[in-house]
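Chemist: Below is the file run.cif, which contains mmCIF, C-alpha atoms.
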```cif
data_query
loop_
_atom_site.label_atom_id
_atom_site.label_comp_id
_atom_site.auth_asym_id
_atom_site.auth_seq_id
_atom_site.Cartn_x
_atom_site.Cartn_y
_atom_site.Cartn_z
CA MET J 152 28.45 0.11 31.49
CA MET J 153 28.46 2.23 28.35
CA CYS J 154 28.16 5.97 28.86
CA PRO J 155 25.48 6.65 27.77
CA PRO J 156 23.90 3.34 26.66
CA PHE J 157 22.35 5.06 23.62
CA ASP J 158 23.01 8.25 21.70
CA LEU J 159 21.74 11.19 23.75
CA ARG J 160 20.82 13.05 20.55
CA ASP J 161 18.52 10.18 19.57
CA TYR J 162 17.05 10.38 23.07
CA LEU J 163 16.52 14.14 22.77
CA LEU J 164 14.96 13.79 19.32
CA LYS J 165 12.65 10.97 20.51
CA GLU J 166 14.05 8.43 18.08
CA LEU J 167 14.53 5.69 20.71
CA SER J 168 12.07 2.95 21.57
CA GLY J 169 10.32 2.93 24.94
CA ALA J 170 12.80 0.49 26.48
CA GLU J 171 15.77 2.44 25.17
CA GLN J 172 14.32 5.70 26.51
CA SER J 173 13.96 4.10 29.95
CA ALA J 174 17.55 2.82 29.83
CA VAL J 175 18.85 6.31 29.06
CA GLU J 176 16.70 7.87 31.78
CA SER J 177 17.96 5.46 34.42
CA HIS J 178 21.53 6.07 33.25
CA LEU J 179 21.08 9.85 33.46
CA LYS J 180 20.15 9.59 37.14
CA GLY J 181 23.65 8.43 38.00
CA CYS J 182 25.78 10.23 35.38
CA ALA J 183 26.46 13.94 35.78
CA ALA J 184 28.49 14.20 32.56
CA CYS J 185 25.61 12.87 30.47
CA ARG J 186 23.15 15.16 32.26
CA GLU J 187 25.38 18.11 31.38
CA GLN J 188 25.65 16.99 27.76
CA LEU J 189 21.90 16.59 27.52
CA ALA J 190 21.36 20.03 29.08
CA GLN J 191 23.54 21.58 26.37
CA LEU J 192 21.59 19.79 23.65
CA ARG J 193 18.31 20.95 25.18
CA ALA J 194 19.59 24.53 25.35
CA THR J 195 20.52 24.42 21.67
CA GLU J 196 17.12 23.03 20.81
CA ALA J 197 15.41 25.71 22.90
CA ALA J 198 17.46 28.39 21.14
CA LEU J 199 16.34 27.01 17.77
CA PHE J 200 12.73 27.26 18.89
CA SER J 201 13.20 31.01 19.34
CA LEU J 202 12.44 31.18 15.64
CA ARG J 203 8.70 30.87 15.31
CA ASP J 204 6.70 29.89 12.25
CA GLU J 205 5.35 32.76 10.17
CA GLU J 206 1.76 33.01 9.00
CA ILE J 207 1.41 32.40 5.28
CA PRO J 208 0.90 35.83 3.63
CA GLN J 209 -1.80 34.55 1.29
CA ARG J 210 -4.16 31.65 1.83
CA ILE J 211 -4.25 28.97 -0.85
CA ALA J 212 -7.53 27.61 -2.18
CA PHE J 213 -8.60 25.87 -5.34
CA VAL J 214 -11.81 26.38 -7.28
CA SER J 215 -13.53 23.55 -9.06
CA ASP J 216 -14.21 24.19 -12.72
CA LYS J 217 -16.76 21.69 -14.07
CA ILE J 218 -15.60 22.26 -17.64
CA PHE J 219 -12.12 21.02 -16.95
CA GLU J 220 -13.05 18.31 -14.51
CA PRO J 221 -12.50 14.82 -15.87
CA SER J 222 -15.49 12.51 -16.15
CA PRO J 223 -15.93 9.80 -13.46
CA PHE J 224 -14.74 7.19 -15.98
CA ARG J 225 -11.60 9.20 -16.76
CA ARG J 226 -10.97 9.67 -13.03
CA TRP J 227 -11.34 5.92 -12.51
CA LEU J 228 -9.03 5.24 -15.44
CA ALA J 229 -6.45 7.73 -14.14
CA ALA J 230 -6.67 6.21 -10.68
CA PHE J 231 -6.31 2.73 -12.14
CA TRP J 232 -3.22 3.59 -14.18
CA GLY J 233 -1.84 5.73 -11.38
CA SER J 234 -2.08 2.97 -8.81
CA THR J 235 0.77 0.50 -8.96
CA ALA J 236 -1.06 -1.91 -6.68
CA ARG J 237 -4.23 -2.01 -8.80
CA LEU J 238 -2.28 -2.29 -12.02
CA GLY J 239 -0.19 -5.09 -10.58
CA PHE J 240 -3.28 -6.92 -9.35
CA ALA J 241 -4.97 -6.58 -12.75
CA SER J 242 -1.85 -7.83 -14.53
CA ALA J 243 -1.58 -10.79 -12.16
CA ALA J 244 -5.28 -11.59 -12.68
CA MET J 245 -4.90 -11.45 -16.47
CA LEU J 246 -1.83 -13.65 -16.32
CA SER J 247 -3.67 -16.17 -14.14
CA VAL J 248 -6.60 -16.27 -16.57
CA ALA J 249 -4.21 -16.73 -19.51
CA ILE J 250 -2.38 -19.57 -17.75
CA ALA J 251 -5.66 -21.24 -16.77
CA PHE J 252 -7.05 -20.91 -20.31
CA SER J 253 -3.84 -22.23 -21.82
CA ALA J 254 -3.79 -25.20 -19.45
CA TRP J 255 -7.45 -25.99 -20.21
CA HIS J 256 -6.95 -25.61 -23.94
CA ARG J 257 -3.89 -27.87 -24.08
CA ALA J 258 -5.10 -30.52 -21.65
CA PRO J 259 -5.93 -33.91 -23.28
CA ALA J 260 -9.60 -34.88 -23.31
CA PRO J 261 -10.66 -37.48 -20.76
CA ALA J 262 -10.34 -41.07 -22.00
CA THR J 263 -13.63 -42.57 -23.23
CA GLY J 264 -13.91 -45.96 -24.93
CA THR J 265 -11.97 -46.82 -28.09
CA GLY J 266 -11.46 -43.22 -29.22
CA ALA J 267 -9.38 -42.55 -26.15
CA ALA J 268 -6.21 -43.98 -27.63
CA ALA J 269 -6.52 -41.86 -30.76
CA GLN J 270 -7.37 -38.71 -28.76
CA THR J 271 -4.51 -39.08 -26.31
CA ALA J 272 -2.16 -39.96 -29.13
CA VAL J 273 -2.53 -36.48 -30.71
CA PRO J 274 -0.60 -34.52 -28.10
CA ALA J 275 2.01 -37.24 -27.91
CA GLN J 276 2.39 -37.12 -31.68
CA SER J 277 2.64 -33.33 -31.72
CA ALA J 278 5.23 -33.51 -28.98
CA THR J 279 7.40 -35.82 -31.11
CA LEU J 280 7.23 -33.77 -34.33
CA THR J 281 10.61 -33.14 -35.83
CA ARG J 282 11.80 -29.72 -36.86
CA GLU J 283 11.55 -30.70 -40.54
CA GLN J 284 7.94 -31.76 -40.12
CA ILE J 285 7.12 -28.51 -38.41
CA ASP J 286 8.85 -26.57 -41.21
CA GLN J 287 6.96 -28.59 -43.80
CA ARG J 288 3.64 -27.85 -42.11
CA ILE J 289 4.46 -24.19 -41.89
CA GLN J 290 5.42 -24.21 -45.57
CA GLN J 291 2.14 -25.88 -46.50
CA ALA J 292 0.19 -23.38 -44.44
CA VAL J 293 2.05 -20.50 -46.08
CA VAL J 294 1.44 -21.89 -49.59
CA LYS J 295 -2.24 -22.33 -48.80
CA ALA J 296 -2.51 -18.82 -47.41
CA VAL J 297 -0.71 -17.33 -50.42
CA ALA J 298 -2.97 -19.25 -52.82
CA GLU J 299 -6.05 -17.94 -50.99
CA VAL J 300 -4.76 -14.40 -51.20
CA GLU J 301 -3.96 -14.76 -54.90
CA ASN J 302 -7.43 -16.21 -55.60
CA ARG J 303 -9.06 -13.35 -53.77
CA SER J 304 -6.94 -10.87 -55.69
CA ALA J 305 -7.74 -12.48 -59.09
CA GLU J 306 -11.45 -12.49 -58.31
CA LYS J 307 -11.30 -8.84 -57.32
CA THR J 308 -9.45 -7.96 -60.56
CA ARG J 309 -11.99 -9.88 -62.64
CA LEU J 310 -14.88 -8.04 -61.05
CA GLU J 311 -13.20 -4.69 -61.54
CA LEU J 312 -12.50 -5.49 -65.22
CA ALA J 313 -16.11 -6.50 -65.83
CA GLU J 314 -17.31 -3.31 -64.20
CA TYR J 315 -14.92 -1.27 -66.34
CA ARG J 316 -16.11 -2.98 -69.52
CA GLN J 317 -19.73 -2.33 -68.66
CA THR J 318 -18.95 1.34 -68.02
CA ALA J 319 -17.09 1.63 -71.35
CA GLU J 320 -20.00 -0.02 -73.20
CA ASP J 321 -22.46 2.40 -71.64
CA ALA J 322 -20.28 5.33 -72.62
CA ARG J 323 -20.02 4.04 -76.22
CA ARG J 324 -23.80 3.72 -76.49
CA GLN J 325 -24.32 7.19 -75.15
CA LEU J 326 -21.82 8.50 -77.68
CA ILE J 327 -23.65 6.83 -80.57
CA LEU J 328 -26.96 8.26 -79.38
CA ALA J 329 -25.44 11.73 -79.09
CA ALA J 330 -24.03 11.47 -82.64
CA ALA J 331 -27.44 10.41 -83.99
CA GLU J 332 -29.09 13.31 -82.19
CA LEU J 333 -26.54 15.71 -83.65
CA ASP J 334 -27.12 14.38 -87.14
CA LYS J 335 -30.88 14.73 -86.73
CA SER J 336 -30.50 18.25 -85.47
CA GLN J 337 -28.30 19.24 -88.42
CA ARG J 338 -30.84 17.88 -90.91
CA ARG J 339 -33.66 19.78 -89.16
CA ASN J 340 -31.69 23.00 -89.36
CA GLN J 341 -31.01 22.47 -93.04
CA LEU J 342 -34.71 21.93 -93.72
CA LEU J 343 -35.63 25.10 -91.84
CA ARG J 344 -33.14 27.15 -93.86
CA VAL J 345 -34.62 25.82 -97.11
CA MET J 346 -38.15 26.69 -95.95
CA ALA J 347 -37.06 30.16 -94.91
CA MET J 348 -35.59 30.83 -98.37
CA SER J 349 -38.80 29.85 -100.09
CA GLN J 350 -41.18 31.92 -97.80
CA PRO J 351 -40.76 35.53 -99.32
CA ASP J 352 -41.98 34.41 -102.71
CA THR J 353 -45.02 32.87 -101.15
CA ALA J 354 -45.80 36.17 -99.30
CA GLY J 355 -45.47 38.22 -102.50
CA GLU J 356 -47.87 36.01 -104.33
CA ALA J 357 -50.47 36.42 -101.59
CA LYS J 358 -50.43 40.30 -102.01
CA MET M 80 -24.90 9.29 15.67
CA ILE M 81 -21.16 9.08 16.24
CA PHE M 82 -18.98 12.15 15.90
CA ARG M 83 -15.32 11.91 15.13
CA ALA M 84 -12.69 14.34 13.91
CA VAL M 85 -12.12 14.41 10.17
CA GLU M 86 -8.71 12.89 9.61
CA ASP M 87 -6.31 13.89 6.87
CA THR M 88 -6.74 10.44 5.38
CA ASP M 89 -10.51 11.04 4.98
CA LEU M 90 -9.83 14.32 3.23
CA ILE M 91 -7.19 12.74 1.00
CA ARG M 92 -9.57 9.97 -0.10
CA GLN M 93 -12.35 12.47 -0.84
CA ALA M 94 -9.96 14.83 -2.65
CA ALA M 95 -8.64 11.94 -4.73
CA ARG M 96 -12.23 11.37 -5.89
CA GLY M 97 -12.33 14.98 -7.10
CA ASN M 98 -13.78 16.72 -4.05
CA VAL M 99 -12.13 20.14 -4.20
CA GLU M 100 -13.62 21.32 -0.90
CA SER M 101 -11.97 18.45 0.92
CA TYR M 102 -8.70 19.30 -0.74
CA ASN M 103 -9.03 22.95 0.28
CA LEU M 104 -9.53 21.83 3.87
CA LEU M 105 -6.45 19.65 3.60
CA VAL M 106 -4.48 22.59 2.18
CA SER M 107 -5.58 24.81 5.04
CA ARG M 108 -4.17 22.25 7.49
CA TRP M 109 -0.78 22.01 5.80
CA GLU M 110 -0.11 25.31 4.02
CA LYS M 111 1.51 27.05 6.98
CA ARG M 112 3.89 24.18 7.69
CA VAL M 113 4.87 23.77 4.05
CA TYR M 114 5.31 27.52 3.64
CA ASN M 115 7.61 27.71 6.67
CA TYR M 116 9.64 24.72 5.52
CA LEU M 117 10.14 26.36 2.14
CA LEU M 118 10.81 29.73 3.76
CA ARG M 119 13.61 28.27 5.84
CA ILE M 120 15.29 26.52 2.93
CA THR M 121 14.84 29.34 0.40
CA ALA M 122 15.15 32.28 2.86
CA ASN M 123 12.82 34.25 0.59
CA ARG M 124 9.16 34.92 1.35
CA GLU M 125 8.03 35.41 -2.24
CA ASP M 126 9.74 32.27 -3.42
CA ALA M 127 8.34 30.34 -0.49
CA LEU M 128 4.78 31.47 -1.27
CA ASP M 129 5.07 30.75 -4.99
CA LEU M 130 6.56 27.35 -4.30
CA THR M 131 3.87 26.54 -1.73
CA GLN M 132 1.18 27.19 -4.34
CA ASP M 133 3.02 25.04 -6.87
CA VAL M 134 3.44 22.27 -4.32
CA PHE M 135 -0.28 22.07 -3.54
CA LEU M 136 -1.22 22.22 -7.20
CA LYS M 137 1.19 19.42 -8.04
CA ALA M 138 0.01 17.44 -5.04
CA TYR M 139 -3.63 17.72 -6.21
CA GLN M 140 -2.70 16.59 -9.70
CA ASN M 141 -0.86 13.56 -8.34
CA LEU M 142 -3.01 12.74 -5.33
CA ARG M 143 -4.35 9.57 -6.95
CA LYS M 144 -0.81 8.21 -7.18
CA LEU M 145 -0.49 8.31 -3.40
CA ASP M 146 -1.11 4.67 -2.49
CA ASP M 147 -0.95 5.11 1.28
CA PRO M 148 -2.73 8.22 2.62
CA GLU M 149 -0.90 7.72 5.93
CA ARG M 150 2.29 8.72 4.11
CA PHE M 151 0.82 12.01 2.93
CA ALA M 152 3.19 14.28 4.91
CA PRO M 153 6.51 12.84 3.66
CA TRP M 154 5.03 12.63 0.16
CA LEU M 155 3.96 16.29 0.27
CA TYR M 156 7.34 17.43 1.61
CA ARG M 157 9.09 15.37 -1.06
CA ILE M 158 7.19 17.42 -3.65
CA ALA M 159 8.13 20.62 -1.80
CA HIS M 160 11.80 19.61 -1.68
CA ASN M 161 11.77 18.80 -5.40
CA GLU M 162 10.05 22.05 -6.29
CA ALA M 163 12.56 24.08 -4.26
CA TYR M 164 15.57 22.35 -5.79
CA SER M 165 14.05 22.60 -9.24
CA MET M 166 13.86 26.36 -8.70
CA PHE M 167 17.48 26.48 -7.52
CA ARG M 168 18.55 24.55 -10.62
CA LYS M 169 16.66 26.93 -12.94
CA ARG M 170 18.43 29.85 -11.35
CA ARG M 171 21.83 28.17 -11.56
CA PRO M 172 21.57 25.91 -14.62
CA GLU M 173 25.33 25.49 -14.89
CA ALA M 174 25.51 23.65 -11.54
CA ASP M 175 25.12 19.87 -11.32
CA ALA M 176 21.97 18.49 -9.71
CA GLU M 177 23.94 17.33 -6.67
CA GLU M 178 25.74 20.61 -6.26
CA VAL M 179 22.69 22.83 -6.45
CA GLU M 180 22.03 24.73 -3.32
CA PRO M 181 19.99 27.72 -2.23
CA GLU M 182 21.39 31.12 -2.99
CA SER M 183 22.95 32.80 -0.05
CA THR M 184 20.78 35.65 1.09
CA GLY M 185 23.69 37.60 2.51
CA ALA M 186 21.76 38.52 5.58
CA ALA M 187 19.97 35.99 7.72
CA ILE M 188 16.23 36.45 7.91
CA PRO M 189 14.99 35.96 11.47
CA VAL M 190 11.96 34.10 10.26
CA GLY M 191 9.08 34.63 12.59
CA GLY M 192 11.30 35.84 15.37
CA CYS M 193 9.92 37.25 18.49
CA GLY M 194 7.41 36.83 21.19
CA VAL M 195 8.84 35.41 24.36
CA PHE M 196 12.38 35.16 22.98
CA PRO M 197 14.72 38.16 22.74
CA ILE M 198 15.30 39.38 19.20
CA GLU M 199 19.05 39.00 19.70
CA LEU M 200 18.66 35.24 20.12
CA SER M 201 16.39 34.98 17.09
CA LEU M 202 18.95 36.84 14.98
CA ALA M 203 21.76 34.66 16.29
CA VAL M 204 19.82 31.48 15.49
CA ALA M 205 18.91 32.71 12.02
CA SER M 206 22.52 33.62 11.39
CA ALA M 207 23.77 30.26 12.68
CA LEU M 208 21.30 28.43 10.44
CA GLU M 209 22.51 30.51 7.51
CA ARG M 210 26.06 29.32 8.10
CA LEU M 211 25.08 25.65 7.83
CA SER M 212 25.33 23.88 4.50
CA PRO M 213 21.96 23.59 2.68
CA ASP M 214 21.79 19.85 3.43
CA GLN M 215 22.48 20.37 7.12
CA ARG M 216 19.99 23.23 7.31
CA GLU M 217 17.28 21.17 5.64
CA ALA M 218 17.92 18.30 8.05
CA VAL M 219 17.52 20.69 11.01
CA VAL M 220 14.37 22.20 9.53
CA LEU M 221 12.75 18.82 8.88
CA LYS M 222 13.65 17.38 12.29
CA ILE M 223 13.52 20.28 14.73
CA TYR M 224 10.90 22.52 13.13
CA GLN M 225 8.78 20.01 11.23
CA GLY M 226 9.15 17.06 13.61
CA PHE M 227 9.67 14.29 11.08
CA LYS M 228 11.09 10.89 12.01
CA PHE M 229 14.39 9.82 10.47
CA GLU M 230 12.64 7.33 8.16
CA GLU M 231 10.30 10.02 6.91
CA MET M 232 13.22 12.39 6.35
CA ALA M 233 14.97 9.67 4.38
CA ALA M 234 11.86 9.35 2.20
CA ILE M 235 11.66 13.10 1.67
CA LEU M 236 15.34 13.58 0.88
CA GLN M 237 15.75 10.21 -0.82
CA CYS M 238 18.89 9.25 1.06
CA PRO M 239 19.80 6.75 3.79
CA VAL M 240 18.94 7.34 7.46
CA SER M 241 22.65 7.24 8.29
CA THR M 242 23.26 10.21 5.99
CA ILE M 243 20.37 12.11 7.54
CA LYS M 244 21.70 11.47 11.06
CA SER M 245 25.19 12.50 10.07
CA ARG M 246 23.98 15.78 8.57
CA LEU M 247 21.73 16.54 11.51
CA TYR M 248 24.23 15.74 14.25
CA THR M 249 26.98 17.72 12.55
CA ALA M 250 24.56 20.63 12.24
CA LEU M 251 23.59 20.38 15.91
CA GLU M 252 27.26 20.47 16.95
CA LEU M 253 27.85 23.56 14.80
CA LEU M 254 24.74 25.26 16.14
CA LYS M 255 25.71 24.45 19.72
CA ALA M 256 29.13 26.04 19.20
CA ASP M 257 27.66 29.07 17.40
CA LEU M 258 24.94 29.72 19.92
CA ALA M 259 26.96 29.08 23.09
CA PRO M 260 28.31 32.66 23.30
CA VAL M 261 24.84 34.13 22.89
CA LYS M 262 23.45 31.88 25.59
CA ALA M 263 26.44 32.72 27.79
CA ARG M 264 25.45 36.38 27.60
CA GLY M 265 22.20 35.37 29.24
CA VAL M 266 19.72 35.85 26.47
CA SER M 267 18.48 32.31 26.50
#
```
Output the structure of this file as structure tokens.

Modeler:
Amino acid sequence: MMCPPFDLRDYLLKELSGAEQSAVESHLKGCAACREQLAQLRATEAALFSLRDEEIPQRIAFVSDKIFEPSPFRRWLAAFWGSTARLGFASAAMLSVAIAFSAWHRAPAPATGTGAAAQTAVPAQSATLTREQIDQRIQQAVVKAVAEVENRSAEKTRLELAEYRQTAEDARRQLILAAAELDKSQRRNQLLRVMAMSQPDTAGEAK
Amino acid sequence: MIFRAVEDTDLIRQAARGNVESYNLLVSRWEKRVYNYLLRITANREDALDLTQDVFLKAYQNLRKLDDPERFAPWLYRIAHNEAYSMFRKRRPEADAEEVEPESTGAAIPVGGCGVFPIELSLAVASALERLSPDQREAVVLKIYQGFKFEEMAAILQCPVSTIKSRLYTALELLKADLAPVKARGVS
């Protein structure tokens, strides 16, 4: 028989299971050396307990400040991001939805009548596309996209040019009008000066 | 109507939803234990009080990250351990993280000594604890004074149970040898 069957320190510190505790206790009844060893351990433990816990010198309490409290939505969001389990569940759910959607989207349509052969042939055909064909299709798509962008850009430039021309024409007309007004004003001033020069003579004649 | 005691887990769930009163009640249940744990590993009352406040503030800020409220105690003590060692590192920035240890106080503080035990024994115990390495002392504090299981201690200190047991049992042997003469003089 082992002496003792389990570590006496584990027994003292209550780290053994119920069955193990019982085994040690029955062993202790017949082993004076182990009883002595356990008594020493208990004495050391009792000595350690001569140090008592102190009271905390200052109680701790928190005050709620409504201004700084996060909104319920923010709290939920923080809890969501802070919880590994919830985040993991959400990720798994999203992944499942994506897989299900992908499977549904790629699945061939059910066979109906004569069109069935043509419909089921499409995935088979796409599966047998060569790399060159794929490259060619990509090239065509790129050319088409570039042409669309260029058309849009040319149309935008044309509109901007037309708008600029209209603005310039308006400005030219306003300039012509202003010049005519200035000319008219100069003539009026000239006429007034002439009239003013001839007025004194008229006044003298009246006297 | 059925009455039942309010468990820590109830308070944790309410506090995690922003109920400050519940958190204050939770703090009142744990502050003394956390303070005494920090007091025994820092051997300084002011540091222990400041750290205790920091621990509960940090715990409140991170309460929502606690997935299992049943594991609140080890989680809280893990924060306390980190806060204490963070303070030691700030005071001795030249030391490596693994080498950091509490400053020696020079004189052992007989924390909370008295009552039914003679002061001589309390002083002897405090002095014997002071002579242990910081790791050994923390293992004794967590097991003997705070009553944690080995698995919980492993979670708090982030090391294997075998390491915890080794530290604790070595410490108990040293304490037994240190305290034997005092007990022999009949003060126990």

Chemist: Report as a ChimeraX atom specification the set of chain J residues whose atoms approach chain M to within 7 Å, with distances computed over all atoms listed in the file.

Modeler: /J:195,198-199,201-207,211-215,230,233-234

Chemist: Please identify all polymer residues within 9 Å of His178 (chain J), counting all atoms listed in the file, omitting same-chain residues fewer than 3 positions from it, and present them as a PyMOL selection string.

Modeler: chain J and resi 154-156+173-175+181-182+185

Chemist: Could the residues in this selection be saved with C-alpha atoms as a compact mmCIF listing (two decimals), in the coordinates of the input?

Modeler:
```txt
# COMPACT_ATOMS: atom_id res chain seq x y z
CA CYS J 154 28.16 5.97 28.86
CA PRO J 155 25.48 6.65 27.77
CA PRO J 156 23.90 3.34 26.66
CA SER J 173 13.96 4.10 29.95
CA ALA J 174 17.55 2.82 29.83
CA VAL J 175 18.85 6.31 29.06
CA GLY J 181 23.65 8.43 38.00
CA CYS J 182 25.78 10.23 35.38
CA CYS J 185 25.61 12.87 30.47
```

Chemist: Would you please work out which residue, of M:Ala163, M:Leu221, M:Ala234, M:Ala122, is nearest to Val134 (chain M) when using only C-alpha atoms?

Modeler: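 Of M:Ala163, M:Leu221, M:Ala234, M:Ala122, the one nearest Val134 (chain M) is M:Ala163, counting only C-alpha atoms.
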
Chemist: Spell out the residues picked by the PyMOL selection byres ((chain M and resi 88) around 10) here, as a list in words.

Modeler: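 Selected by the PyMOL selection byres ((chain M and resi 88) around 10) in this file: Val85, Glu86, Asp87, Asp89, Leu90, Ile91, Arg92, Gln93, Ala94, Leu105, Asp147, Pro148, Glu149, Arg150 and Phe151 of chain M.
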
Chemist: Just to confirm, what's the straight-line distance from CA of Ile235 (chain M) to CA of Lys137 (chain M) in Å (one decimal)?

Modeler: 15.6 Å
